[in-house]
Amino acid sequence: MLKHAVLVALIRALQAKAAPLCYLDTHAGRGRYDLRGEQALKTLEHRDGIERLLGAAGLPPALADYRAQVAACNADGAAIELYPGSPLLVRQLLREDDRAILCELHEEEAAALKALFRDDARIAVHRRDGYAALGALLPPTPRRGLVLIDPPFEEQAGEFAVIEAALQTALSRWPGGVYAIWYPIKRGADVAPFHRWLARCGCERVLAADLLLRPADSPLRLNGSGIAIVNPPWRIEHALEPALDALARLLGDPGAGRAELNWLAGP
């Protein structure tokens, strides 16, 4: 939810200008997920996530916008049965001249993605490694926009090193692009070296948005998540801060949820 709420806010901020944009998703997944399916019913994660937002009053604008985009994917906005992944959320926001490039390596997921967007000429789906795509497909056309890097993080510490190498390549090819990198927070010590690398990556502005649902040293598997934004749109922090605070209040353990918005470089 953090990732998708921030994603919607970033697209909205970029669309404040009339010039068209391009969105590139390195790990796109299948595009949408059936909350009535076997896996969703096994974990029931949505009950502690999106369902907590459905009836919440007084949401800040960025979070209310995200909730509306999720509801728009369902016949009855009050009952969420299909949850949109990042590709579908972005498709709902694309203007006529905007474009999207979706990369997914796994065959079954890529096939589902291609079927979902087969009638939309604005969207290109590639079955390929998303990290390699950053070297091959950047800079995009049009030459302004956003890259979402959202890997599975099967090995947390090792994944950060792969991200750093791929991001370095991407920045050398498209230094003016906006890059959003999602990461899980299992132990704060695992994230700190990545933040330090971002602070010295050569970009003038890097913003980190972290959402902790329980203490960072909790023995539970996942204590929160974060998004680092390289070259963030102007004043995006003003949209994100109240949204993060609301997510911490609604989703966090009692008395433990908190949000942190920190400039790693700049502003």
# chains A, B, ... in the order shown; residues from 1 in each chain; ligands from 1
$ select_by_dssp --residues "stretch 53-209 of chain A" --states "alpha helix (DSSP H)" --output "ChimeraX atom specification"
/A:53-54,61-71,86-93,107-116,130-136,156-173,188-199
$ select_by_dssp --residues "stretch 18-262 of chain A" --states "strand (DSSP E or B)" --output "number ranges by chain"
A: 22-25, 32-34, 82-84, 99-103, 123-126, 145-149, 178-185, 206-212, 224-230, 258-262
$ closest_residue --among "A:Ala64, A:Leu105, A:Leu24, A:Val206" --to "A:Leu138" --atoms "only C-alpha atoms"
A:Leu24
$ residues_around --residues "A:His126" --least-positions-apart "2" --cutoff "8 Å" --atoms "only C-alpha atoms" --output "PDB file with C-alpha atoms, in the first residue's frame"
ATOM      1  CA  ILE A 101       6.864  -0.079 -20.463  1.00  0.00           C
ATOM      2  CA  LEU A 102       6.257  -3.146 -18.303  1.00  0.00           C
ATOM      3  CA  CYS A 103       8.960  -5.748 -17.723  1.00  0.00           C
ATOM      4  CA  GLU A 104       8.305  -9.155 -16.199  1.00  0.00           C
ATOM      5  CA  ALA A 110       4.238 -11.990 -18.261  1.00  0.00           C
ATOM      6  CA  ALA A 124       4.360  -2.250 -24.111  1.00  0.00           C
ATOM      7  CA  ARG A 128      12.702  -9.793 -19.845  1.00  0.00           C
TER       8      ARG A 128
END
$ atom_distance --atom1 "atom CA of A:Glu241" --atom2 "atom CA of A:Tyr66"
14.6 Å
$ atom_distance --atom1 "atom CA of A:Gly130" --atom2 "atom CA of A:Ala192"
24.1 Å
$ atom_distance --atom1 "atom CA of A:Arg52" --atom2 "atom CA of A:Pro151"
25.4 Å
$ closest_residue --among "A:Glu159, A:Thr26, A:Ala72, A:Pro242" --to "A:Leu134" --atoms "only C-alpha atoms"
A:Thr26
$ residues_around --residues "A:Gly252" --least-positions-apart "4" --cutoff "9 Å" --atoms "only C-alpha atoms" --output "PyMOL selection string"
chain A and resi 211-214+224+247-248+256-258
$ write_last_selection --atoms "all heavy atoms" --output "mmCIF file, in the first residue's frame"
data_model
loop_
_atom_site.group_PDB
_atom_site.id
_atom_site.type_symbol
_atom_site.label_atom_id
_atom_site.label_comp_id
_atom_site.auth_asym_id
_atom_site.auth_seq_id
_atom_site.Cartn_x
_atom_site.Cartn_y
_atom_site.Cartn_z
ATOM 1 N N LEU A 211 7.882 3.411 6.154
ATOM 2 C CA LEU A 211 6.694 3.138 6.954
ATOM 3 C C LEU A 211 6.970 1.924 7.822
ATOM 4 O O LEU A 211 7.171 0.822 7.315
ATOM 5 C CB LEU A 211 5.485 2.872 6.046
ATOM 6 C CG LEU A 211 4.180 2.500 6.743
ATOM 7 C CD1 LEU A 211 3.646 3.681 7.563
ATOM 8 C CD2 LEU A 211 3.133 2.049 5.718
ATOM 9 N N LEU A 212 6.997 2.126 9.141
ATOM 10 C CA LEU A 212 7.232 1.038 10.087
ATOM 11 C C LEU A 212 5.931 0.719 10.813
ATOM 12 O O LEU A 212 5.295 1.606 11.386
ATOM 13 C CB LEU A 212 8.315 1.431 11.088
ATOM 14 C CG LEU A 212 9.731 1.486 10.512
ATOM 15 C CD1 LEU A 212 10.676 2.204 11.459
ATOM 16 C CD2 LEU A 212 10.243 0.093 10.207
ATOM 17 N N LEU A 213 5.532 -0.545 10.755
ATOM 18 C CA LEU A 213 4.285 -0.972 11.382
ATOM 19 C C LEU A 213 4.514 -1.532 12.779
ATOM 20 O O LEU A 213 3.577 -1.661 13.563
ATOM 21 C CB LEU A 213 3.606 -2.031 10.509
ATOM 22 C CG LEU A 213 3.331 -1.595 9.064
ATOM 23 C CD1 LEU A 213 2.599 -2.701 8.326
ATOM 24 C CD2 LEU A 213 2.555 -0.295 9.015
ATOM 25 N N ARG A 214 5.756 -1.865 13.091
ATOM 26 C CA ARG A 214 6.134 -2.380 14.408
ATOM 27 C C ARG A 214 7.594 -2.032 14.624
ATOM 28 O O ARG A 214 8.257 -1.572 13.688
ATOM 29 C CB ARG A 214 5.894 -3.888 14.480
ATOM 30 C CG ARG A 214 6.566 -4.684 13.384
ATOM 31 C CD ARG A 214 6.081 -6.127 13.361
ATOM 32 N NE ARG A 214 4.670 -6.210 13.035
ATOM 33 C CZ ARG A 214 4.225 -6.298 11.770
ATOM 34 N NH1 ARG A 214 5.063 -6.297 10.756
ATOM 35 N NH2 ARG A 214 2.943 -6.385 11.525
ATOM 36 N N GLY A 224 8.118 -3.414 8.125
ATOM 37 C CA GLY A 224 7.696 -2.232 7.391
ATOM 38 C C GLY A 224 8.268 -2.253 5.993
ATOM 39 O O GLY A 224 8.784 -3.269 5.522
ATOM 40 N N LEU A 247 -1.170 6.209 7.015
ATOM 41 C CA LEU A 247 -0.915 4.777 6.875
ATOM 42 C C LEU A 247 -0.340 4.191 8.153
ATOM 43 O O LEU A 247 -0.726 3.091 8.569
ATOM 44 C CB LEU A 247 0.042 4.526 5.706
ATOM 45 C CG LEU A 247 -0.540 4.628 4.300
ATOM 46 C CD1 LEU A 247 0.565 4.503 3.258
ATOM 47 C CD2 LEU A 247 -1.614 3.567 4.064
ATOM 48 N N ALA A 248 0.570 4.917 8.796
ATOM 49 C CA ALA A 248 1.146 4.429 10.047
ATOM 50 C C ALA A 248 0.076 4.285 11.118
ATOM 51 O O ALA A 248 0.071 3.317 11.889
ATOM 52 C CB ALA A 248 2.248 5.387 10.518
ATOM 53 N N ALA A 256 2.885 1.653 17.880
ATOM 54 C CA ALA A 256 4.182 1.324 17.286
ATOM 55 C C ALA A 256 4.342 1.837 15.866
ATOM 56 O O ALA A 256 5.469 2.015 15.395
ATOM 57 C CB ALA A 256 4.410 -0.189 17.302
ATOM 58 N N GLY A 257 3.247 2.061 15.158
ATOM 59 C CA GLY A 257 3.336 2.507 13.776
ATOM 60 C C GLY A 257 3.918 3.913 13.681
ATOM 61 O O GLY A 257 3.541 4.800 14.445
ATOM 62 N N ARG A 258 4.832 4.105 12.729
ATOM 63 C CA ARG A 258 5.383 5.442 12.524
ATOM 64 C C ARG A 258 5.886 5.580 11.086
ATOM 65 O O ARG A 258 6.223 4.582 10.428
ATOM 66 C CB ARG A 258 6.502 5.733 13.510
ATOM 67 C CG ARG A 258 7.811 5.015 13.271
ATOM 68 C CD ARG A 258 8.842 5.377 14.331
ATOM 69 N NE ARG A 258 10.175 4.953 13.984
ATOM 70 C CZ ARG A 258 10.659 3.749 14.212
ATOM 71 N NH1 ARG A 258 9.889 2.833 14.793
ATOM 72 N NH2 ARG A 258 11.894 3.438 13.869
#
$ residues_around --residues "A:Arg144" --least-positions-apart "6" --cutoff "10 Å" --atoms "only C-alpha atoms" --output "list of chain:residue names"
A:Leu14, A:Ala19, A:Pro20, A:Leu21, A:Cys22, A:Tyr23, A:Asp98, A:Trp174, A:Gly176, A:Gly177, A:Val178
$ residues_around --residues "A:Lys3" --least-positions-apart "6" --cutoff "9 Å" --atoms "only C-alpha atoms" --output "list in words"
Ser86, Asp150, Ala180, Ile181, Trp182, Ser225, Gly226 and Ile227 of chain A
$ write_last_selection --atoms "C-alpha atoms" --output "short mmCIF file (atom, residue, chain, number, x, y, z; two decimals), in the first residue's frame"
data_model
loop_
_atom_site.label_atom_id
_atom_site.label_comp_id
_atom_site.auth_asym_id
_atom_site.auth_seq_id
_atom_site.Cartn_x
_atom_site.Cartn_y
_atom_site.Cartn_z
CA SER A 86 1.29 -1.10 -10.14
CA ASP A 150 10.19 -3.24 -7.14
CA ALA A 180 11.29 5.03 -7.13
CA ILE A 181 12.85 2.03 -5.40
CA TRP A 182 10.72 -0.05 -3.03
CA SER A 225 8.74 -1.01 3.98
CA GLY A 226 10.14 2.04 2.29
CA ILE A 227 10.50 3.82 -1.01
#
